[in-house]
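Asks: Contents of upload00.cif (mmCIF, N, CA and C atoms) are below:
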```cif
data_start
#
loop_
_atom_site.group_PDB
_atom_site.id
_atom_site.type_symbol
_atom_site.label_atom_id
_atom_site.label_comp_id
_atom_site.auth_asym_id
_atom_site.auth_seq_id
_atom_site.Cartn_x
_atom_site.Cartn_y
_atom_site.Cartn_z
ATOM 1 N N MET A 1 7.770 216.131 125.440
ATOM 2 C CA MET A 1 8.754 216.811 126.247
ATOM 3 C C MET A 1 9.438 217.858 125.369
ATOM 4 N N ALA A 2 9.631 219.051 125.897
ATOM 5 C CA ALA A 2 10.332 220.117 125.192
ATOM 6 C C ALA A 2 11.818 219.773 125.108
ATOM 7 N N PHE A 3 12.504 220.363 124.132
ATOM 8 C CA PHE A 3 13.935 220.137 123.989
ATOM 9 C C PHE A 3 14.625 220.673 125.232
ATOM 10 N N MET A 4 15.521 219.860 125.797
ATOM 11 C CA MET A 4 16.179 220.243 127.046
ATOM 12 C C MET A 4 17.683 220.315 126.856
ATOM 13 N N ILE A 5 18.296 221.306 127.498
ATOM 14 C CA ILE A 5 19.740 221.437 127.580
ATOM 15 C C ILE A 5 20.065 221.548 129.060
ATOM 16 N N VAL A 6 20.807 220.562 129.585
ATOM 17 C CA VAL A 6 21.063 220.508 131.025
ATOM 18 C C VAL A 6 22.540 220.263 131.308
ATOM 19 N N ASN A 7 22.969 220.639 132.499
ATOM 20 C CA ASN A 7 24.365 220.392 132.875
ATOM 21 C C ASN A 7 24.529 219.074 133.624
ATOM 22 N N THR A 8 23.455 218.337 133.810
ATOM 23 C CA THR A 8 23.523 217.027 134.440
ATOM 24 C C THR A 8 23.795 215.956 133.378
ATOM 25 N N GLU A 9 24.064 214.723 133.823
ATOM 26 C CA GLU A 9 24.374 213.653 132.879
ATOM 27 C C GLU A 9 23.138 213.032 132.243
ATOM 28 N N LYS A 10 21.961 213.238 132.845
ATOM 29 C CA LYS A 10 20.729 212.655 132.323
ATOM 30 C C LYS A 10 19.575 213.629 132.493
ATOM 31 N N VAL A 11 18.574 213.491 131.615
ATOM 32 C CA VAL A 11 17.362 214.281 131.761
ATOM 33 C C VAL A 11 16.210 213.446 132.304
ATOM 34 N N ASP A 12 16.339 212.129 132.212
ATOM 35 C CA ASP A 12 15.290 211.226 132.698
ATOM 36 C C ASP A 12 15.954 209.909 133.090
ATOM 37 N N GLU A 13 15.989 209.623 134.373
ATOM 38 C CA GLU A 13 16.664 208.419 134.877
ATOM 39 C C GLU A 13 16.047 207.132 134.343
ATOM 40 N N ARG A 14 14.793 207.168 133.919
ATOM 41 C CA ARG A 14 14.109 205.960 133.470
ATOM 42 C C ARG A 14 14.495 205.561 132.049
ATOM 43 N N ARG A 15 15.084 206.476 131.284
ATOM 44 C CA ARG A 15 15.349 206.236 129.869
ATOM 45 C C ARG A 15 16.825 206.060 129.577
ATOM 46 N N GLU A 16 17.097 205.251 128.570
ATOM 47 C CA GLU A 16 18.465 205.142 128.064
ATOM 48 C C GLU A 16 18.797 206.442 127.322
ATOM 49 N N HIS A 17 20.028 206.914 127.480
ATOM 50 C CA HIS A 17 20.500 208.109 126.788
ATOM 51 C C HIS A 17 21.529 207.659 125.752
ATOM 52 N N ILE A 18 21.166 207.750 124.492
ATOM 53 C CA ILE A 18 22.031 207.289 123.413
ATOM 54 C C ILE A 18 22.826 208.480 122.895
ATOM 55 N N PRO A 19 24.145 208.513 123.126
ATOM 56 C CA PRO A 19 24.938 209.665 122.703
ATOM 57 C C PRO A 19 25.056 209.736 121.187
ATOM 58 N N LEU A 20 24.883 210.944 120.646
ATOM 59 C CA LEU A 20 24.971 211.158 119.205
ATOM 60 C C LEU A 20 26.208 211.958 118.814
ATOM 61 N N GLY A 21 26.798 212.647 119.769
ATOM 62 C CA GLY A 21 28.002 213.415 119.482
ATOM 63 C C GLY A 21 28.075 214.678 120.317
ATOM 64 N N ILE A 22 29.253 215.286 120.280
ATOM 65 C CA ILE A 22 29.487 216.545 120.989
ATOM 66 C C ILE A 22 28.957 217.683 120.127
ATOM 67 N N VAL A 23 28.264 218.616 120.748
ATOM 68 C CA VAL A 23 27.798 219.815 120.051
ATOM 69 C C VAL A 23 28.368 221.041 120.756
ATOM 70 N N THR A 24 28.657 222.063 119.978
ATOM 71 C CA THR A 24 29.226 223.287 120.538
ATOM 72 C C THR A 24 28.481 224.492 120.000
ATOM 73 N N GLY A 25 28.596 225.574 120.731
ATOM 74 C CA GLY A 25 28.018 226.838 120.307
ATOM 75 C C GLY A 25 28.927 227.975 120.707
ATOM 76 N N LEU A 26 28.930 229.023 119.901
ATOM 77 C CA LEU A 26 29.766 230.182 120.151
ATOM 78 C C LEU A 26 28.895 231.428 120.157
ATOM 79 N N GLY A 27 29.094 232.249 121.170
ATOM 80 C CA GLY A 27 28.431 233.543 121.230
ATOM 81 C C GLY A 27 29.451 234.584 121.624
ATOM 82 N N PHE A 28 29.380 235.760 121.016
ATOM 83 C CA PHE A 28 30.310 236.817 121.398
ATOM 84 C C PHE A 28 29.650 238.172 121.222
ATOM 85 N N GLU A 29 30.136 239.116 121.980
ATOM 86 C CA GLU A 29 29.603 240.479 121.949
ATOM 87 C C GLU A 29 30.728 241.420 122.319
ATOM 88 N N ASN A 30 30.860 242.499 121.574
ATOM 89 C CA ASN A 30 31.841 243.526 121.891
ATOM 90 C C ASN A 30 31.332 244.296 123.100
ATOM 91 N N ALA A 31 32.002 244.154 124.217
ATOM 92 C CA ALA A 31 31.527 244.724 125.480
ATOM 93 C C ALA A 31 31.483 246.242 125.452
ATOM 94 N N SER A 32 32.376 246.867 124.720
ATOM 95 C CA SER A 32 32.426 248.330 124.733
ATOM 96 C C SER A 32 31.347 248.974 123.874
ATOM 97 N N SER A 33 30.813 248.235 122.913
ATOM 98 C CA SER A 33 29.802 248.840 122.039
ATOM 99 C C SER A 33 28.487 248.070 122.050
ATOM 100 N N SER A 34 28.242 247.322 123.090
ATOM 101 C CA SER A 34 27.043 246.513 123.157
ATOM 102 C C SER A 34 25.792 247.370 123.144
ATOM 103 N N VAL A 35 24.874 247.053 122.246
ATOM 104 C CA VAL A 35 23.583 247.749 122.213
ATOM 105 C C VAL A 35 22.670 247.237 123.324
ATOM 106 N N TYR A 36 23.083 246.171 123.990
ATOM 107 C CA TYR A 36 22.266 245.576 125.042
ATOM 108 C C TYR A 36 22.611 246.108 126.428
ATOM 109 N N GLY A 37 23.591 246.973 126.540
ATOM 110 C CA GLY A 37 23.985 247.513 127.833
ATOM 111 C C GLY A 37 24.977 246.611 128.524
ATOM 112 N N PRO A 38 25.754 247.169 129.439
ATOM 113 C CA PRO A 38 26.839 246.409 130.061
ATOM 114 C C PRO A 38 26.392 245.203 130.873
ATOM 115 N N LYS A 39 25.174 245.218 131.389
ATOM 116 C CA LYS A 39 24.732 244.090 132.221
ATOM 117 C C LYS A 39 24.251 242.919 131.385
ATOM 118 N N ASN A 40 23.977 243.154 130.117
ATOM 119 C CA ASN A 40 23.347 242.114 129.310
ATOM 120 C C ASN A 40 24.253 241.442 128.302
ATOM 121 N N PHE A 41 25.480 241.932 128.089
ATOM 122 C CA PHE A 41 26.259 241.351 126.997
ATOM 123 C C PHE A 41 26.702 239.926 127.281
ATOM 124 N N ILE A 42 26.933 239.571 128.530
ATOM 125 C CA ILE A 42 27.269 238.175 128.838
ATOM 126 C C ILE A 42 26.039 237.289 128.611
ATOM 127 N N ARG A 43 24.885 237.759 129.032
ATOM 128 C CA ARG A 43 23.647 236.997 128.818
ATOM 129 C C ARG A 43 23.393 236.790 127.328
ATOM 130 N N TRP A 44 23.567 237.852 126.529
ATOM 131 C CA TRP A 44 23.314 237.752 125.098
ATOM 132 C C TRP A 44 24.251 236.738 124.456
ATOM 133 N N ALA A 45 25.548 236.805 124.795
ATOM 134 C CA ALA A 45 26.521 235.873 124.228
ATOM 135 C C ALA A 45 26.192 234.438 124.632
ATOM 136 N N THR A 46 25.761 234.240 125.866
ATOM 137 C CA THR A 46 25.388 232.902 126.341
ATOM 138 C C THR A 46 24.165 232.383 125.591
ATOM 139 N N GLU A 47 23.163 233.222 125.404
ATOM 140 C CA GLU A 47 21.956 232.813 124.677
ATOM 141 C C GLU A 47 22.284 232.424 123.238
ATOM 142 N N GLU A 48 23.174 233.165 122.595
ATOM 143 C CA GLU A 48 23.582 232.828 121.234
ATOM 144 C C GLU A 48 24.286 231.473 121.192
ATOM 145 N N ALA A 49 25.172 231.217 122.156
ATOM 146 C CA ALA A 49 25.867 229.930 122.215
ATOM 147 C C ALA A 49 24.868 228.790 122.408
ATOM 148 N N LEU A 50 23.869 228.988 123.267
ATOM 149 C CA LEU A 50 22.862 227.953 123.511
ATOM 150 C C LEU A 50 21.986 227.715 122.280
ATOM 151 N N LYS A 51 21.668 228.765 121.531
ATOM 152 C CA LYS A 51 20.889 228.597 120.293
ATOM 153 C C LYS A 51 21.661 227.739 119.296
ATOM 154 N N GLU A 52 22.972 227.994 119.190
ATOM 155 C CA GLU A 52 23.787 227.195 118.275
ATOM 156 C C GLU A 52 23.838 225.733 118.704
ATOM 157 N N ILE A 53 23.960 225.499 120.013
ATOM 158 C CA ILE A 53 23.978 224.113 120.516
ATOM 159 C C ILE A 53 22.662 223.415 120.187
ATOM 160 N N GLU A 54 21.555 224.075 120.439
ATOM 161 C CA GLU A 54 20.254 223.459 120.169
ATOM 162 C C GLU A 54 20.104 223.146 118.686
ATOM 163 N N ASN A 55 20.489 224.087 117.811
ATOM 164 C CA ASN A 55 20.374 223.847 116.372
ATOM 165 C C ASN A 55 21.255 222.676 115.925
ATOM 166 N N SER A 56 22.468 222.622 116.439
ATOM 167 C CA SER A 56 23.374 221.518 116.085
ATOM 168 C C SER A 56 22.822 220.182 116.557
ATOM 169 N N ALA A 57 22.278 220.161 117.757
ATOM 170 C CA ALA A 57 21.714 218.921 118.301
ATOM 171 C C ALA A 57 20.485 218.482 117.498
ATOM 172 N N LYS A 58 19.655 219.423 117.113
ATOM 173 C CA LYS A 58 18.469 219.075 116.327
ATOM 174 C C LYS A 58 18.851 218.534 114.955
ATOM 175 N N GLU A 59 19.963 219.010 114.387
ATOM 176 C CA GLU A 59 20.443 218.459 113.111
ATOM 177 C C GLU A 59 20.814 216.982 113.271
ATOM 178 N N LEU A 60 21.227 216.589 114.456
ATOM 179 C CA LEU A 60 21.554 215.189 114.747
ATOM 180 C C LEU A 60 20.322 214.385 115.164
ATOM 181 N N HIS A 61 19.148 215.030 115.183
ATOM 182 C CA HIS A 61 17.881 214.426 115.614
ATOM 183 C C HIS A 61 17.934 214.023 117.088
ATOM 184 N N ALA A 62 18.584 214.863 117.885
ATOM 185 C CA ALA A 62 18.691 214.618 119.326
ATOM 186 C C ALA A 62 17.417 215.059 120.029
ATOM 187 N N ASP A 63 17.175 214.466 121.180
ATOM 188 C CA ASP A 63 16.061 214.860 122.038
ATOM 189 C C ASP A 63 16.496 215.853 123.110
ATOM 190 N N ALA A 64 17.807 215.860 123.414
ATOM 191 C CA ALA A 64 18.312 216.714 124.494
ATOM 192 C C ALA A 64 19.828 216.862 124.362
ATOM 193 N N VAL A 65 20.361 217.802 125.140
ATOM 194 C CA VAL A 65 21.807 217.950 125.297
ATOM 195 C C VAL A 65 22.092 217.838 126.786
ATOM 196 N N VAL A 66 23.039 216.976 127.134
ATOM 197 C CA VAL A 66 23.413 216.768 128.536
ATOM 198 C C VAL A 66 24.868 217.175 128.745
ATOM 199 N N SER A 67 25.256 217.267 130.001
ATOM 200 C CA SER A 67 26.634 217.602 130.395
ATOM 201 C C SER A 67 27.100 218.925 129.801
ATOM 202 N N LEU A 68 26.239 219.919 129.870
ATOM 203 C CA LEU A 68 26.546 221.248 129.334
ATOM 204 C C LEU A 68 27.670 221.902 130.127
ATOM 205 N N ARG A 69 28.617 222.502 129.410
ATOM 206 C CA ARG A 69 29.732 223.224 130.018
ATOM 207 C C ARG A 69 29.939 224.539 129.284
ATOM 208 N N PHE A 70 30.395 225.551 130.024
ATOM 209 C CA PHE A 70 30.670 226.867 129.454
ATOM 210 C C PHE A 70 32.127 227.243 129.660
ATOM 211 N N ASN A 71 32.665 227.965 128.697
ATOM 212 C CA ASN A 71 33.968 228.602 128.822
ATOM 213 C C ASN A 71 33.730 230.055 128.436
ATOM 214 N N ILE A 72 33.949 230.966 129.387
ATOM 215 C CA ILE A 72 33.661 232.382 129.158
ATOM 216 C C ILE A 72 34.950 233.184 129.285
ATOM 217 N N SER A 73 35.195 234.019 128.278
ATOM 218 C CA SER A 73 36.358 234.897 128.273
ATOM 219 C C SER A 73 35.866 236.333 128.161
ATOM 220 N N VAL A 74 36.363 237.189 129.066
ATOM 221 C CA VAL A 74 35.949 238.589 129.055
ATOM 222 C C VAL A 74 37.181 239.465 128.867
ATOM 223 N N THR A 75 37.237 240.132 127.728
ATOM 224 C CA THR A 75 38.239 241.172 127.458
ATOM 225 C C THR A 75 37.447 242.332 126.874
ATOM 226 N N ASP A 76 37.896 242.925 125.790
ATOM 227 C CA ASP A 76 37.061 243.914 125.094
ATOM 228 C C ASP A 76 35.847 243.249 124.469
ATOM 229 N N THR A 77 35.986 241.961 124.223
ATOM 230 C CA THR A 77 34.892 241.160 123.680
ATOM 231 C C THR A 77 34.590 240.032 124.651
ATOM 232 N N VAL A 78 33.313 239.805 124.879
ATOM 233 C CA VAL A 78 32.890 238.659 125.688
ATOM 234 C C VAL A 78 32.692 237.493 124.735
ATOM 235 N N THR A 79 33.354 236.383 125.021
ATOM 236 C CA THR A 79 33.214 235.178 124.207
ATOM 237 C C THR A 79 32.711 234.049 125.098
ATOM 238 N N VAL A 80 31.649 233.405 124.665
ATOM 239 C CA VAL A 80 31.092 232.270 125.389
ATOM 240 C C VAL A 80 31.133 231.063 124.459
ATOM 241 N N ILE A 81 31.821 230.022 124.890
ATOM 242 C CA ILE A 81 31.831 228.753 124.172
ATOM 243 C C ILE A 81 31.107 227.751 125.055
ATOM 244 N N ALA A 82 30.070 227.149 124.518
ATOM 245 C CA ALA A 82 29.296 226.147 125.251
ATOM 246 C C ALA A 82 29.447 224.811 124.533
ATOM 247 N N SER A 83 29.495 223.732 125.294
ATOM 248 C CA SER A 83 29.579 222.402 124.691
ATOM 249 C C SER A 83 28.800 221.411 125.540
ATOM 250 N N GLY A 84 28.355 220.364 124.904
ATOM 251 C CA GLY A 84 27.618 219.315 125.588
ATOM 252 C C GLY A 84 27.491 218.107 124.686
ATOM 253 N N THR A 85 26.819 217.080 125.162
ATOM 254 C CA THR A 85 26.614 215.849 124.407
ATOM 255 C C THR A 85 25.166 215.762 123.964
ATOM 256 N N ALA A 86 24.957 215.672 122.656
ATOM 257 C CA ALA A 86 23.618 215.472 122.112
ATOM 258 C C ALA A 86 23.220 214.019 122.332
ATOM 259 N N VAL A 87 21.999 213.804 122.822
ATOM 260 C CA VAL A 87 21.527 212.445 123.088
ATOM 261 C C VAL A 87 20.121 212.235 122.538
ATOM 262 N N ARG A 88 19.853 210.985 122.196
ATOM 263 C CA ARG A 88 18.500 210.563 121.863
ATOM 264 C C ARG A 88 18.020 209.732 123.041
ATOM 265 N N LEU A 89 16.806 209.963 123.470
ATOM 266 C CA LEU A 89 16.253 209.246 124.620
ATOM 267 C C LEU A 89 15.559 207.980 124.165
ATOM 268 N N GLY A 90 15.839 206.887 124.866
ATOM 269 C CA GLY A 90 15.167 205.625 124.583
ATOM 270 C C GLY A 90 13.724 205.668 125.068
ATOM 271 N N ASP A 91 12.976 204.642 124.732
ATOM 272 C CA ASP A 91 11.581 204.557 125.155
ATOM 273 C C ASP A 91 11.491 204.370 126.660
ATOM 274 N N LEU A 92 10.374 204.798 127.214
ATOM 275 C CA LEU A 92 10.107 204.533 128.625
ATOM 276 C C LEU A 92 9.844 203.044 128.815
ATOM 277 N N PRO A 93 10.418 202.453 129.846
ATOM 278 C CA PRO A 93 10.053 201.056 130.131
ATOM 279 C C PRO A 93 8.548 200.970 130.370
ATOM 280 N N TYR A 94 7.905 199.928 129.853
ATOM 281 C CA TYR A 94 6.450 199.800 129.930
ATOM 282 C C TYR A 94 5.934 199.927 131.359
ATOM 283 N N SER A 95 6.648 199.374 132.309
ATOM 284 C CA SER A 95 6.178 199.398 133.694
ATOM 285 C C SER A 95 6.227 200.800 134.297
ATOM 286 N N ASP A 96 6.987 201.720 133.684
ATOM 287 C CA ASP A 96 7.103 203.070 134.222
ATOM 288 C C ASP A 96 6.133 204.060 133.588
ATOM 289 N N ILE A 97 5.382 203.641 132.582
ATOM 290 C CA ILE A 97 4.460 204.548 131.914
ATOM 291 C C ILE A 97 3.204 204.712 132.765
ATOM 292 N N ASN A 98 2.818 205.973 132.979
ATOM 293 C CA ASN A 98 1.558 206.216 133.682
ATOM 294 C C ASN A 98 0.659 207.102 132.819
ATOM 295 N N ILE A 99 -0.533 207.343 133.255
ATOM 296 C CA ILE A 99 -1.504 208.085 132.462
ATOM 297 C C ILE A 99 -1.040 209.506 132.129
ATOM 298 N N ASN A 100 -0.252 210.121 133.011
ATOM 299 C CA ASN A 100 0.252 211.469 132.720
ATOM 300 C C ASN A 100 1.257 211.471 131.574
ATOM 301 N N ASP A 101 2.024 210.381 131.402
ATOM 302 C CA ASP A 101 2.954 210.283 130.287
ATOM 303 C C ASP A 101 2.206 210.205 128.955
ATOM 304 N N ILE A 102 1.028 209.614 128.979
ATOM 305 C CA ILE A 102 0.254 209.424 127.750
ATOM 306 C C ILE A 102 -0.577 210.664 127.439
ATOM 307 N N TYR A 103 -1.271 211.205 128.432
ATOM 308 C CA TYR A 103 -2.212 212.300 128.203
ATOM 309 C C TYR A 103 -1.729 213.658 128.683
ATOM 310 N N GLY A 104 -0.542 213.693 129.278
ATOM 311 C CA GLY A 104 0.032 214.973 129.749
ATOM 312 C C GLY A 104 -0.604 215.401 130.962
#
```
Could you write out this file's structure as structure tokens?
Replies:
Amino acid sequence: MAFMIVNTEKVDERREHIPLGIVTGLGFENASSSVYGPKNFIRWATEEALKEIENSAKELHADAVVSLRFNISVTDTVTVIASGTAVRLGDLPYSDININDIYG
């Protein structure tokens, strides 16, 4: 499974989600001088915040980040603060494993 960042409380209902800690990310862009154009500076700041969250979660050896939240401030500078809970996923219960889980 690819690394997932979601705003829901779980990524897989069948697995235990073991919380490892809160992770945060910060992205910002000067709106008046953005090289990405006025339509893209919020997207760029958000992508930077998400990259930081993923890196922080991977340092904790997490499998995913759940309960993602954003705080966005727009003035001369766009600031995006993202936060979520890094989790490690437990094993699949044996009865729930099927051939697609093993061989993709």
Asks: On this structure, the PyMOL selection byres ((chain A and resi 16) around 7) would catch which residues? List them as a PyMOL selection string, sorted by chain and number.
Replies: chain A and resi 12-15+17-18+88-92
Asks: Work out how far atom C of Ala31 in chain A is from atom N of Leu68 in chain A, in Å to one decimal.
Replies: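 That distance, rounded to one decimal, is 27.2 Å.
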Asks: Between CA of Ile22 in chain A and CA of Arg43 in chain A, what is the spacing in Å?
Replies: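 CA of Arg43 in chain A sits 22.7 Å away from CA of Ile22 in chain A.
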Asks: Would you work out the distance separating atom C of Asn71 in chain A from CA of Ala57 in chain A, expressed in Å to one decimal?
Replies: 19.3 Å
Asks: Please determine, counting all atoms listed in the file, which residue among A:Asn30, A:Phe41, A:Thr46, A:Asn55 has the shortest atom-to-atom distance to Asp76 in chain A.
Replies: A:Asn30
Asks: I need the residues of chain A that end up classed as alpha helix (DSSP H) by DSSP on the backbone, written out as a list of chain:residue names.
Replies: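 Residues meeting the alpha helix (DSSP H) criterion: A:Phe41, A:Ile42, A:Arg43, A:Trp44, A:Ala45, A:Thr46, A:Glu47, A:Glu48, A:Ala49, A:Leu50, A:Lys51, A:Glu52, A:Ile53, A:Glu54, A:Asn55, A:Ser56, A:Ala57, A:Lys58, A:Glu59, A:Ile99, A:Asn100, A:Asp101, A:Ile102, A:Tyr103.
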Asks: Have a look at A:Leu26, A:Val66, A:Ile5, A:Leu20 and name the one nearest to Glu48 in chain A; count all atoms listed in the file.
Replies: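 Residue with the minimum atom-to-atom distance to Glu48 in chain A: A:Leu26.
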Asks: Would you kindly translate the PyMOL selection byres (((chain A and resi 62 and name CA) around 6) and name CA) into the concrete residues it picks from this file, as an MDAnalysis selection string?
Replies: chainID A and resid 57:58 60:61 63:64 86:88
Asks: Give me the residues near Val80 in chain A as a list in words, where near means some atom within 10 Å (using only C-alpha atoms) and where sequence neighbours in that chain fewer than 6 positions away do not count.
Replies: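 Skipping anything fewer than 6 positions along the chain leaves Gly25, Leu26, Gly27, Phe28, Glu29, Ile42, Arg43, Trp44, Ala45, Thr46, Glu47, Glu48, Ala49, Leu50, Phe70, Asn71, Ile72, Ser73 and Val74 of chain A.
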Asks: Give the strand (DSSP E or B) residues of range 58-87 of chain A, as assigned by DSSP on the backbone, as a PyMOL selection string.
Replies: chain A and resi 64-74+77-87
